[in-house]
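Right, one structure below, let's go through it.
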Amino acid sequence: MKVYVRAPYPENRLAELRELFDEVLYEPWTETGERYYEDEMLAHLLEVRPDVLITELDRVTEKVLGGYKGLKAIGDCRATPANLDVAACTKAGVPVLCTPGRNNQAVAELVVALIILHMRHGLEAIQWVKDGKWVAGTTPYFLWMGHELQYKRVGLVGFGAVAQAAAKILDAFDCEVCYYDYKGRQYGSYKSLSLEELFATCDVVSLHLPVSDSTRGIVTEKLLRSMKPDALFVNAGRSALVDTGALVGVLKDRAIAGAVLDVLDTEPPTPEDLAIGELPNVILTPHICGASYEVTNHQADILNARLRKWLAGEDLKKIVFNRDVLNA
């Protein structure tokens, strides 16, 4: 079988693919340029004619799968295959293998770092120095005094793999980690709270939920305005979880200390989207919390393990994202 690799892969994991498959063609988007959209993807599949496609960004649609019928499986280097038409894959009889947990540590580390940066006024202080404002007579020690993360109550909305990785880091700061799990699951020594209690009592509230019918718009104006005046709101999950207009109003009113945002309603953002980042109490990053070089290693590890199982016909119900394809 032939595998066409369109995602970045470390050499040692490519070597494993060469042991699993007869032929490996490596053309990652990091070398060829950005993602292939529908027509480009179909054209390349017709040219390469692989049995298995490993992708990360490329668009695979019904048109692609109808135009090239040779795919036996797709490996998608993402936690959920947002770049694939999963229903079309199922209809075409193509199982999808994903890489859940690939960027757990990357997101968790940067979320905690940004929380500390906000609480210690790091960005403002750095810019203050760069602007030449540190002159005789100024007292930066007092001007930029902030708060420590230690002993703070941190509420994690959603307690999946990313939130659990963040909780381990927060443990080192002796934080009181609380969580809300919309499926009602219990997690060891961490304290489970209702959504209302979490927002009302935590010093930091951080979102770690997927977007679904039950979570879309889950963060309402009422919840935001119930937060403590010195609390920090963090969203490195998805913008669709939040009433953005309400969040802007809360931040403009200084009803909370501020926000750390890694996601926006539209990406790349419109000028209207960027307006929230111009508020002085907001740190806005361009959806990079999951962007680390190590993620490439993690996703290749996960996908190779799943490809081995797929080839052996093992644990298919656990590793195949579109499980309905197994009944076809």
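We name chains A, B, ... following the order of the structure tokens; residues begin at 1 in each chain, and ligands are numbered from 1 as shown.
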
Original post:
Could you pull the residues within 10 Å of region 245-250 of chain A, counting only C-alpha atoms, minus those fewer than 5 positions along the same chain, as a list in words?
Top reply: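 The residues that qualify are Val219, Thr220, Glu221, Lys222, Leu223, Leu224, Arg225, Met227, Phe233, Ala255, Ile256, Ala257, Gly258, Ala259, Ala275, Ile276, Gly277, Leu279 and Val282 of chain A.
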
**OP:** Would you list the contacts of region 62-66 of chain A as a list of chain:residue names, taking every protein, DNA or RNA residue within 12 Å and counting only C-alpha atoms, but skipping same-chain residues closer than 5 positions in sequence?
**Re:**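 Answer for this query is A:Tyr36, A:Tyr37, A:Glu38, A:Asp39, A:Glu40, A:Met41, A:Leu42, A:Ala43, A:His44, A:Leu45, A:Leu46, A:Leu53, A:Leu71, A:Lys72, A:Ala73, A:Ile74, A:Leu84, A:Asp85, A:Val86, A:Ala87, A:Ala88, A:Cys89, A:Thr90, A:Lys91, A:Ala92, A:Gly93, A:Val94.
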
Could you produce a table of the residues of region 280-306 of chain A lying within 12 Å of region 122-146 of chain A, with the nearest pair of atoms per residue and their separation in Å rounded to one decimal, using only C-alpha atoms, ordered by chain and increasing residue number, as a tab-separated table?
```
residue	atom	partner	partner_atom	distance
A:Pro280	CA	A:Glu124	CA	9.0
A:Asn281	CA	A:Glu124	CA	10.0
A:Val282	CA	A:Leu123	CA	10.4
A:Ile283	CA	A:Leu123	CA	8.4
A:Leu284	CA	A:Leu123	CA	11.0
```

Convert the current residue selection to file output with N, CA, C and O atoms, as a compact mmCIF listing (two decimals), in the first residue's frame.
```txt
# COMPACT_ATOMS: atom_id res chain seq x y z
N PRO A 280 -7.44 47.52 26.89
CA PRO A 280 -6.20 47.47 27.66
C PRO A 280 -6.11 46.29 28.63
O PRO A 280 -5.00 45.96 29.08
N ASN A 281 -7.24 45.67 28.96
CA ASN A 281 -7.22 44.56 29.91
C ASN A 281 -7.32 43.20 29.22
O ASN A 281 -7.72 42.22 29.83
N VAL A 282 -6.96 43.15 27.94
CA VAL A 282 -7.06 41.91 27.16
C VAL A 282 -5.70 41.54 26.56
O VAL A 282 -5.02 42.39 25.99
N ILE A 283 -5.31 40.28 26.72
CA ILE A 283 -4.19 39.71 25.96
C ILE A 283 -4.81 38.85 24.87
O ILE A 283 -5.60 37.93 25.16
N LEU A 284 -4.49 39.15 23.62
CA LEU A 284 -5.04 38.43 22.47
C LEU A 284 -3.91 37.78 21.69
O LEU A 284 -2.99 38.47 21.23
```

**OP:** Just the residues within 8 Å of region 175-182 of chain A, please, counting only C-alpha atoms, with nothing from its chain fewer than 6 positions along; format it as a ChimeraX atom specification.
**Re:** /A:149-159,167,190-195,198

Original post:
Of the candidates A:Leu303, A:Ala113, A:Ala240, A:Cys202, which shows the shortest atom-to-atom distance to Ile54 (chain A), using only C-alpha atoms?
Top reply: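 Looking at the shortest contact to Ile54 (chain A), the residue is A:Leu303.
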
**OP:** Using DSSP on the backbone, list every residue of region 226-263 of chain A that comes out as strand (DSSP E), and give them as number ranges by chain.
**Re:** A: 232-235, 258-261

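Each of A:Ser214, A:Gly313, A:Ala305, A:Asp253 was checked against Leu17 (chain A) using only C-alpha atoms; the smallest atom-to-atom distance is that of A:Ala305.
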
Subject >> Contact residues around Asn103 (chain A) with only C-alpha atoms at 12 Å, ignoring same-chain residues under 6 positions, as a PyMOL selection string >> reply: chain A and resi 77-80+109-110+161-163+165-166+288-300+302

**OP:** Taking the DSSP assignment computed from this structure's backbone, write out as a count of residues only all residues of region 2-238 of chain A that belong to helix (DSSP H, G or I).
**Re:** 89
